[in-house]
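Enquirer: Below: one structure in structure tokens.
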Amino acid sequence: MELNVIYKDENLLVLNKPSGIVVHPDKNHIEGALIQEIVKKYPEIKKVGDDSARPGVVHRLDKDTSGLLIIARNQDAFAYLKSLFQKREIKKTYIALVSGVVKNDAGVIDLPIGRSRKDSRKRIAGKGASGKLREAITEYKVVKRFENFTLLEARLITGRTHQIRAHFAAISRPVACDKIYGGKNPACPAGLARQFLHAWKLEFVSPSGAKMSFEADLPEDLEKILKELR
């Protein structure tokens, strides 16, 4: 696996994660996780963090979501970056293609998220959730409307598991080609093999005090879909 590192300093790495790869190993993915490859190249990260299976990992992206990911390179940076996420001081913006036409040019989805009673993989926003409900807020604005889909910028105010996917499914606009949240027959543009969700932009203040902003262009598979829709 070739790592696409777009920035590095003594405290952190910023990578552009490809789709189809998990960030850290789990019971279904023992080998081939992104962090395993990162540790091979940056072995100091192996000792960073509070979980030996997820060294340096301060946030994550779903397997089939591409885009920007921050990895801490030392323990002080790990604690600092975790604190930024907890205080909502890292601005994360995604590009998403959702099914159907979103009528409002911009909006806020403010629905708490809990677990699904029927599917352990899923999170549910609003009615039907079980267990502890956690506050979840997503801001969005429309970039372009197509006949059966809408391209959006979605900014996470909170950072819950599957937040964007669960929130847009809750308003009947699931992410295109989302096999978990899109129902039995998810809306999927011809040629798209995974959910159309990309972590596009990150903005934060680094441990050194520098203001940082990164953007990752849409990968080729998603850009091709947009060209076809246009």
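A note on labels: chains of the structure tokens are A, B, ... as shown, every chain counts residues from 1, and ligands are counted from 1 in their shown order.
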For Ser66 in chain A, work out the shell of residues within 10 Å, counting only C-alpha atoms and skipping chain neighbours fewer than 2 positions away, then give it as an mmCIF file with N, CA, C and O atoms, in the first residue's frame.

Expert:
```cif
data_model
loop_
_atom_site.group_PDB
_atom_site.id
_atom_site.type_symbol
_atom_site.label_atom_id
_atom_site.label_comp_id
_atom_site.auth_asym_id
_atom_site.auth_seq_id
_atom_site.Cartn_x
_atom_site.Cartn_y
_atom_site.Cartn_z
ATOM 1 N N ASN A 16 -4.123 11.417 2.762
ATOM 2 C CA ASN A 16 -5.311 11.298 1.930
ATOM 3 C C ASN A 16 -5.602 9.809 1.809
ATOM 4 O O ASN A 16 -4.925 9.084 1.075
ATOM 5 N N LYS A 17 -6.589 9.340 2.559
ATOM 6 C CA LYS A 17 -6.906 7.914 2.624
ATOM 7 C C LYS A 17 -7.690 7.474 1.388
ATOM 8 O O LYS A 17 -8.685 8.092 1.029
ATOM 9 N N PRO A 18 -7.284 6.361 0.759
ATOM 10 C CA PRO A 18 -8.105 5.822 -0.330
ATOM 11 C C PRO A 18 -9.308 5.076 0.216
ATOM 12 O O PRO A 18 -9.338 4.670 1.384
ATOM 13 N N SER A 19 -10.312 4.879 -0.609
ATOM 14 C CA SER A 19 -11.459 4.075 -0.195
ATOM 15 C C SER A 19 -11.073 2.599 -0.218
ATOM 16 O O SER A 19 -10.069 2.200 -0.818
ATOM 17 N N GLY A 20 -11.871 1.788 0.469
ATOM 18 C CA GLY A 20 -11.649 0.350 0.456
ATOM 19 C C GLY A 20 -10.662 -0.152 1.488
ATOM 20 O O GLY A 20 -10.339 -1.341 1.500
ATOM 21 N N ILE A 21 -10.188 0.736 2.363
ATOM 22 C CA ILE A 21 -9.191 0.372 3.369
ATOM 23 C C ILE A 21 -9.672 0.837 4.733
ATOM 24 O O ILE A 21 -10.084 1.995 4.891
ATOM 25 N N LEU A 61 -12.053 7.284 9.489
ATOM 26 C CA LEU A 61 -12.961 7.335 8.354
ATOM 27 C C LEU A 61 -13.449 5.913 8.085
ATOM 28 O O LEU A 61 -12.705 4.947 8.286
ATOM 29 N N ASP A 62 -14.682 5.784 7.628
ATOM 30 C CA ASP A 62 -15.198 4.464 7.269
ATOM 31 C C ASP A 62 -14.353 3.853 6.154
ATOM 32 O O ASP A 62 -13.703 4.557 5.371
ATOM 33 N N LYS A 63 -14.430 2.543 6.052
ATOM 34 C CA LYS A 63 -13.645 1.818 5.045
ATOM 35 C C LYS A 63 -13.833 2.393 3.645
ATOM 36 O O LYS A 63 -12.860 2.606 2.915
ATOM 37 N N ASP A 64 -15.069 2.640 3.257
ATOM 38 C CA ASP A 64 -15.339 3.078 1.886
ATOM 39 C C ASP A 64 -15.450 4.587 1.740
ATOM 40 O O ASP A 64 -15.917 5.086 0.709
ATOM 41 N N LEU A 68 -9.200 13.035 3.946
ATOM 42 C CA LEU A 68 -8.180 13.502 4.875
ATOM 43 C C LEU A 68 -8.285 12.868 6.258
ATOM 44 O O LEU A 68 -9.366 12.766 6.833
ATOM 45 N N LEU A 69 -7.125 12.488 6.773
ATOM 46 C CA LEU A 69 -7.030 11.826 8.065
ATOM 47 C C LEU A 69 -5.788 12.346 8.783
ATOM 48 O O LEU A 69 -4.721 12.446 8.186
ATOM 49 N N TYR A 94 -16.973 17.517 4.409
ATOM 50 C CA TYR A 94 -17.027 16.398 3.478
ATOM 51 C C TYR A 94 -17.744 16.813 2.197
ATOM 52 O O TYR A 94 -18.559 17.742 2.191
ATOM 53 N N GLN A 195 -19.970 4.071 -1.480
ATOM 54 C CA GLN A 195 -20.702 5.271 -1.081
ATOM 55 C C GLN A 195 -19.947 6.529 -1.525
ATOM 56 O O GLN A 195 -18.727 6.592 -1.461
ATOM 57 N N PHE A 196 -20.697 7.520 -1.971
ATOM 58 C CA PHE A 196 -20.090 8.765 -2.455
ATOM 59 C C PHE A 196 -19.899 9.701 -1.264
ATOM 60 O O PHE A 196 -20.716 10.573 -0.988
ATOM 61 N N LEU A 197 -18.787 9.516 -0.558
ATOM 62 C CA LEU A 197 -18.482 10.331 0.612
ATOM 63 C C LEU A 197 -16.975 10.514 0.704
ATOM 64 O O LEU A 197 -16.219 9.534 0.709
ATOM 65 N N HIS A 198 -16.540 11.781 0.781
ATOM 66 C CA HIS A 198 -15.123 12.096 0.723
ATOM 67 C C HIS A 198 -14.806 13.189 1.739
ATOM 68 O O HIS A 198 -15.456 14.246 1.751
ATOM 69 N N ALA A 199 -13.852 12.924 2.620
ATOM 70 C CA ALA A 199 -13.403 13.917 3.605
ATOM 71 C C ALA A 199 -12.523 14.932 2.897
ATOM 72 O O ALA A 199 -11.330 14.708 2.694
ATOM 73 N N TRP A 200 -13.115 16.053 2.562
ATOM 74 C CA TRP A 200 -12.510 17.008 1.632
ATOM 75 C C TRP A 200 -11.586 18.024 2.306
ATOM 76 O O TRP A 200 -10.515 18.339 1.789
ATOM 77 N N ALA A 216 -8.338 17.891 -0.027
ATOM 78 C CA ALA A 216 -8.020 16.729 -0.860
ATOM 79 C C ALA A 216 -9.024 16.659 -1.995
ATOM 80 O O ALA A 216 -10.231 16.553 -1.764
ATOM 81 N N LEU A 218 -11.351 15.373 -5.031
ATOM 82 C CA LEU A 218 -12.106 14.136 -5.188
ATOM 83 C C LEU A 218 -11.271 13.100 -5.927
ATOM 84 O O LEU A 218 -10.598 13.427 -6.915
ATOM 85 N N PRO A 219 -11.305 11.846 -5.469
ATOM 86 C CA PRO A 219 -10.580 10.800 -6.197
ATOM 87 C C PRO A 219 -11.216 10.530 -7.553
ATOM 88 O O PRO A 219 -12.347 10.932 -7.834
ATOM 89 N N LEU A 222 -14.906 9.095 -7.982
ATOM 90 C CA LEU A 222 -16.013 10.011 -7.697
ATOM 91 C C LEU A 222 -16.095 11.127 -8.733
ATOM 92 O O LEU A 222 -17.194 11.536 -9.121
#
```

Enquirer: I want to know what sits within 9 Å of Arg134 in chain A, based on only C-alpha atoms, with residues of the same chain fewer than 6 positions away left out; could you give that as JSON, numbers by chain?

Expert: {"A": [111, 112, 113, 114, 160]}

Enquirer: Save the residues we just selected, all heavy atoms, as a PDB file, in the first residue's frame?

Expert:
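Now in again.pdb:
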```pdb
ATOM      1  N   LEU A 111     -30.126  16.020  14.935  1.00  0.00           N
ATOM      2  CA  LEU A 111     -30.832  14.830  15.391  1.00  0.00           C
ATOM      3  C   LEU A 111     -29.866  13.957  16.190  1.00  0.00           C
ATOM      4  O   LEU A 111     -28.793  13.604  15.680  1.00  0.00           O
ATOM      5  CB  LEU A 111     -31.364  14.016  14.209  1.00  0.00           C
ATOM      6  CG  LEU A 111     -32.497  14.615  13.373  1.00  0.00           C
ATOM      7  CD1 LEU A 111     -32.744  13.761  12.133  1.00  0.00           C
ATOM      8  CD2 LEU A 111     -33.766  14.734  14.203  1.00  0.00           C
ATOM      9  N   PRO A 112     -30.212  13.600  17.424  1.00  0.00           N
ATOM     10  CA  PRO A 112     -29.324  12.730  18.204  1.00  0.00           C
ATOM     11  C   PRO A 112     -29.211  11.356  17.554  1.00  0.00           C
ATOM     12  O   PRO A 112     -30.128  10.902  16.862  1.00  0.00           O
ATOM     13  CB  PRO A 112     -30.004  12.663  19.562  1.00  0.00           C
ATOM     14  CG  PRO A 112     -31.443  12.962  19.288  1.00  0.00           C
ATOM     15  CD  PRO A 112     -31.447  13.937  18.150  1.00  0.00           C
ATOM     16  N   ILE A 113     -28.083  10.710  17.786  1.00  0.00           N
ATOM     17  CA  ILE A 113     -27.799   9.425  17.151  1.00  0.00           C
ATOM     18  C   ILE A 113     -27.604   8.342  18.207  1.00  0.00           C
ATOM     19  O   ILE A 113     -26.936   8.543  19.225  1.00  0.00           O
ATOM     20  CB  ILE A 113     -26.543   9.529  16.256  1.00  0.00           C
ATOM     21  CG1 ILE A 113     -26.873  10.348  14.994  1.00  0.00           C
ATOM     22  CG2 ILE A 113     -26.017   8.156  15.857  1.00  0.00           C
ATOM     23  CD1 ILE A 113     -25.700  10.566  14.071  1.00  0.00           C
ATOM     24  N   GLY A 114     -28.222   7.190  17.951  1.00  0.00           N
ATOM     25  CA  GLY A 114     -28.043   6.009  18.792  1.00  0.00           C
ATOM     26  C   GLY A 114     -27.829   4.793  17.916  1.00  0.00           C
ATOM     27  O   GLY A 114     -27.702   4.893  16.696  1.00  0.00           O
ATOM     28  N   ARG A 160     -19.922  11.924  15.372  1.00  0.00           N
ATOM     29  CA  ARG A 160     -20.437  10.607  15.747  1.00  0.00           C
ATOM     30  C   ARG A 160     -20.168   9.581  14.653  1.00  0.00           C
ATOM     31  O   ARG A 160     -20.030   9.930  13.473  1.00  0.00           O
ATOM     32  CB  ARG A 160     -21.945  10.673  16.014  1.00  0.00           C
ATOM     33  CG  ARG A 160     -22.365  11.752  16.991  1.00  0.00           C
ATOM     34  CD  ARG A 160     -21.632  11.660  18.306  1.00  0.00           C
ATOM     35  NE  ARG A 160     -22.070  12.710  19.217  1.00  0.00           N
ATOM     36  CZ  ARG A 160     -21.366  13.102  20.274  1.00  0.00           C
ATOM     37  NH1 ARG A 160     -20.186  12.546  20.549  1.00  0.00           N
ATOM     38  NH2 ARG A 160     -21.832  14.066  21.057  1.00  0.00           N
TER      39      ARG A 160
END
```

Enquirer: Hey, what's within 12 Å of range 41-46 of chain A if we count only C-alpha atoms and toss same-chain stuff fewer than 5 positions away? As a PDB file with N, CA and C atoms, in the first residue's frame, please?

Expert:
```
ATOM      1  N   MET A   1       0.843  -1.195   0.000  1.00  0.00           N
ATOM      2  CA  MET A   1       0.000   0.000   0.000  1.00  0.00           C
ATOM      3  C   MET A   1       0.885   1.253   0.000  1.00  0.00           C
ATOM      4  N   GLU A   2       0.640   2.151  -0.928  1.00  0.00           N
ATOM      5  CA  GLU A   2       1.400   3.391  -0.993  1.00  0.00           C
ATOM      6  C   GLU A   2       0.664   4.475  -0.198  1.00  0.00           C
ATOM      7  N   LEU A   3       1.364   5.062   0.782  1.00  0.00           N
ATOM      8  CA  LEU A   3       0.763   6.095   1.613  1.00  0.00           C
ATOM      9  C   LEU A   3       0.786   7.438   0.891  1.00  0.00           C
ATOM     10  N   VAL A   5       0.853  10.785   1.852  1.00  0.00           N
ATOM     11  CA  VAL A   5       1.056  11.751   2.940  1.00  0.00           C
ATOM     12  C   VAL A   5       1.141  13.137   2.319  1.00  0.00           C
ATOM     13  N   LYS A   8       3.526  16.505   6.800  1.00  0.00           N
ATOM     14  CA  LYS A   8       4.079  15.886   8.003  1.00  0.00           C
ATOM     15  C   LYS A   8       4.993  16.873   8.712  1.00  0.00           C
ATOM     16  N   ASP A   9       5.001  16.801  10.041  1.00  0.00           N
ATOM     17  CA  ASP A   9       5.976  17.495  10.860  1.00  0.00           C
ATOM     18  C   ASP A   9       6.278  16.600  12.055  1.00  0.00           C
ATOM     19  N   GLU A  10       6.953  17.130  13.053  1.00  0.00           N
ATOM     20  CA  GLU A  10       7.351  16.284  14.177  1.00  0.00           C
ATOM     21  C   GLU A  10       6.172  15.816  15.021  1.00  0.00           C
ATOM     22  N   ASN A  11       5.012  16.445  14.849  1.00  0.00           N
ATOM     23  CA  ASN A  11       3.853  16.135  15.680  1.00  0.00           C
ATOM     24  C   ASN A  11       2.768  15.306  15.008  1.00  0.00           C
ATOM     25  N   LEU A  12       2.634  15.438  13.714  1.00  0.00           N
ATOM     26  CA  LEU A  12       1.486  14.801  13.067  1.00  0.00           C
ATOM     27  C   LEU A  12       1.726  14.515  11.597  1.00  0.00           C
ATOM     28  N   LEU A  13       0.877  13.639  11.073  1.00  0.00           N
ATOM     29  CA  LEU A  13       0.786  13.374   9.644  1.00  0.00           C
ATOM     30  C   LEU A  13      -0.631  13.711   9.191  1.00  0.00           C
ATOM     31  N   LEU A  34      -4.827   0.660   7.375  1.00  0.00           N
ATOM     32  CA  LEU A  34      -3.981   1.806   7.062  1.00  0.00           C
ATOM     33  C   LEU A  34      -2.939   2.058   8.151  1.00  0.00           C
ATOM     34  N   ILE A  35      -3.349   1.998   9.414  1.00  0.00           N
ATOM     35  CA  ILE A  35      -2.404   2.313  10.486  1.00  0.00           C
ATOM     36  C   ILE A  35      -1.264   1.305  10.539  1.00  0.00           C
ATOM     37  N   GLN A  36      -1.498   0.078  10.130  1.00  0.00           N
ATOM     38  CA  GLN A  36      -0.424  -0.911  10.086  1.00  0.00           C
ATOM     39  C   GLN A  36       0.656  -0.512   9.086  1.00  0.00           C
ATOM     40  N   ASP A  51      -4.405   2.917  22.840  1.00  0.00           N
ATOM     41  CA  ASP A  51      -4.888   1.630  22.355  1.00  0.00           C
ATOM     42  C   ASP A  51      -3.853   1.087  21.378  1.00  0.00           C
ATOM     43  N   SER A  52      -3.253  -0.040  21.714  1.00  0.00           N
ATOM     44  CA  SER A  52      -2.174  -0.581  20.884  1.00  0.00           C
ATOM     45  C   SER A  52      -2.639  -0.969  19.486  1.00  0.00           C
ATOM     46  N   ALA A  53      -3.942  -1.218  19.319  1.00  0.00           N
ATOM     47  CA  ALA A  53      -4.472  -1.560  17.990  1.00  0.00           C
ATOM     48  C   ALA A  53      -4.699  -0.336  17.126  1.00  0.00           C
ATOM     49  N   ARG A  54      -4.709   0.850  17.752  1.00  0.00           N
ATOM     50  CA  ARG A  54      -4.989   2.089  17.010  1.00  0.00           C
ATOM     51  C   ARG A  54      -3.956   3.162  17.334  1.00  0.00           C
ATOM     52  N   PRO A  55      -2.685   2.866  17.208  1.00  0.00           N
ATOM     53  CA  PRO A  55      -1.664   3.855  17.578  1.00  0.00           C
ATOM     54  C   PRO A  55      -1.751   5.127  16.741  1.00  0.00           C
ATOM     55  N   GLY A  56      -1.739   6.264  17.412  1.00  0.00           N
ATOM     56  CA  GLY A  56      -1.746   7.550  16.727  1.00  0.00           C
ATOM     57  C   GLY A  56      -3.072   7.988  16.164  1.00  0.00           C
ATOM     58  N   VAL A  57      -4.095   7.135  16.235  1.00  0.00           N
ATOM     59  CA  VAL A  57      -5.379   7.429  15.594  1.00  0.00           C
ATOM     60  C   VAL A  57      -6.208   8.343  16.494  1.00  0.00           C
ATOM     61  N   ILE A  71      -3.006  11.787  11.860  1.00  0.00           N
ATOM     62  CA  ILE A  71      -2.386  10.798  12.730  1.00  0.00           C
ATOM     63  C   ILE A  71      -1.357  11.501  13.615  1.00  0.00           C
ATOM     64  N   ALA A  72      -1.429  11.275  14.919  1.00  0.00           N
ATOM     65  CA  ALA A  72      -0.472  11.879  15.862  1.00  0.00           C
ATOM     66  C   ALA A  72       0.839  11.091  15.865  1.00  0.00           C
ATOM     67  N   ARG A  73       1.964  11.807  15.970  1.00  0.00           N
ATOM     68  CA  ARG A  73       3.279  11.159  15.945  1.00  0.00           C
ATOM     69  C   ARG A  73       3.926  11.050  17.318  1.00  0.00           C
ATOM     70  N   ASN A  74       3.365  11.702  18.323  1.00  0.00           N
ATOM     71  CA  ASN A  74       3.894  11.576  19.678  1.00  0.00           C
ATOM     72  C   ASN A  74       2.741  11.729  20.669  1.00  0.00           C
ATOM     73  N   GLN A  75       3.013  11.384  21.933  1.00  0.00           N
ATOM     74  CA  GLN A  75       1.931  11.328  22.906  1.00  0.00           C
ATOM     75  C   GLN A  75       1.349  12.703  23.212  1.00  0.00           C
ATOM     76  N   ASP A  76       2.194  13.731  23.274  1.00  0.00           N
ATOM     77  CA  ASP A  76       1.681  15.081  23.533  1.00  0.00           C
ATOM     78  C   ASP A  76       0.758  15.538  22.408  1.00  0.00           C
ATOM     79  N   ALA A  77       1.172  15.269  21.172  1.00  0.00           N
ATOM     80  CA  ALA A  77       0.333  15.645  20.027  1.00  0.00           C
ATOM     81  C   ALA A  77      -0.968  14.856  20.031  1.00  0.00           C
ATOM     82  N   PHE A  78      -0.907  13.588  20.416  1.00  0.00           N
ATOM     83  CA  PHE A  78      -2.106  12.757  20.502  1.00  0.00           C
ATOM     84  C   PHE A  78      -3.106  13.364  21.479  1.00  0.00           C
TER      85      PHE A  78
END
```

Enquirer: If you run DSSP on the backbone, which residues of range 5-226 of chain A are alpha helix (DSSP H), as JSON, numbers by chain?

Expert: {"A": [34, 35, 36, 37, 38, 39, 40, 41, 75, 76, 77, 78, 79, 80, 81, 82, 83, 84, 85, 86, 163, 164, 165, 166, 167, 168, 169, 170, 220, 221, 222, 223, 224, 225, 226]}

Enquirer: In terms of the shortest atom-to-atom distance over only C-alpha atoms, which of A:Asp26, A:Asp50, A:Glu139, A:Asp178 is closest to Val98 in chain A?

Expert: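 Result for the nearest residue to Val98 in chain A: A:Asp178.
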
Enquirer: Which residues, written as a PyMOL selection string, have at least one atom at most 9 Å from Leu84 in chain A, with only C-alpha atoms counted and residues fewer than 6 positions away on the same chain left out?

Expert: chain A and resi 90+204-205

Enquirer: Compile the contact shell of Gly128 in chain A as a PyMOL selection string: residues with an atom at most 10 Å away, counting only C-alpha atoms, same-chain residues fewer than 3 positions apart removed.

Expert: chain A and resi 113-118+123-125

Enquirer: Between CA of Lys87 in chain A and CA of Lys127 in chain A, what distance in Å does the model show, to one decimal?

Expert: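 Going from CA of Lys87 in chain A over to CA of Lys127 in chain A covers 26.9 Å.
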
Enquirer: Of the residues A:Val23, A:Leu15, A:Ala136, A:Leu81, which is the one nearest to Pro207 in chain A, using only C-alpha atoms?

Expert: A:Leu81

Enquirer: Please provide as a ChimeraX atom specification all residues within 9 Å of Lys91 in chain A, with the sequence filter that same-chain residues fewer than 2 positions apart are discarded (counting only C-alpha atoms).

Expert: /A:85,88-89,93,155-157,201-204

Enquirer: Enter the distance from CA of Gly67 in chain A to CA of Asp217 in chain A, in Å, rounded to one decimal.

Expert: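 For CA of Gly67 in chain A relative to CA of Asp217 in chain A, the distance reads 8.3 Å.
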
Enquirer: Would you mind reading off the distance between CA of Asp221 in chain A and CA of Leu192 in chain A, one decimal, in Å?

Expert: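 Value for the CA of Asp221 in chain A-CA of Leu192 in chain A distance: 7.3 Å.
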
Enquirer: Which is closest to Ile180 in chain A among A:Lys141, A:Lys132, A:Lys122, A:Lys227, if we use only C-alpha atoms?

Expert: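 Checking each of A:Lys141, A:Lys132, A:Lys122, A:Lys227 against Ile180 in chain A, counting only C-alpha atoms, the winner is A:Lys122.
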
Enquirer: Could you pull out the residues in range 11-209 of chain A that DSSP calls strand (DSSP E) from the backbone, as a ChimeraX atom specification?

Expert: /A:12-17,66-72,91-99,106-110,113-116,123-125,129-134,137-145,149-156,197-205
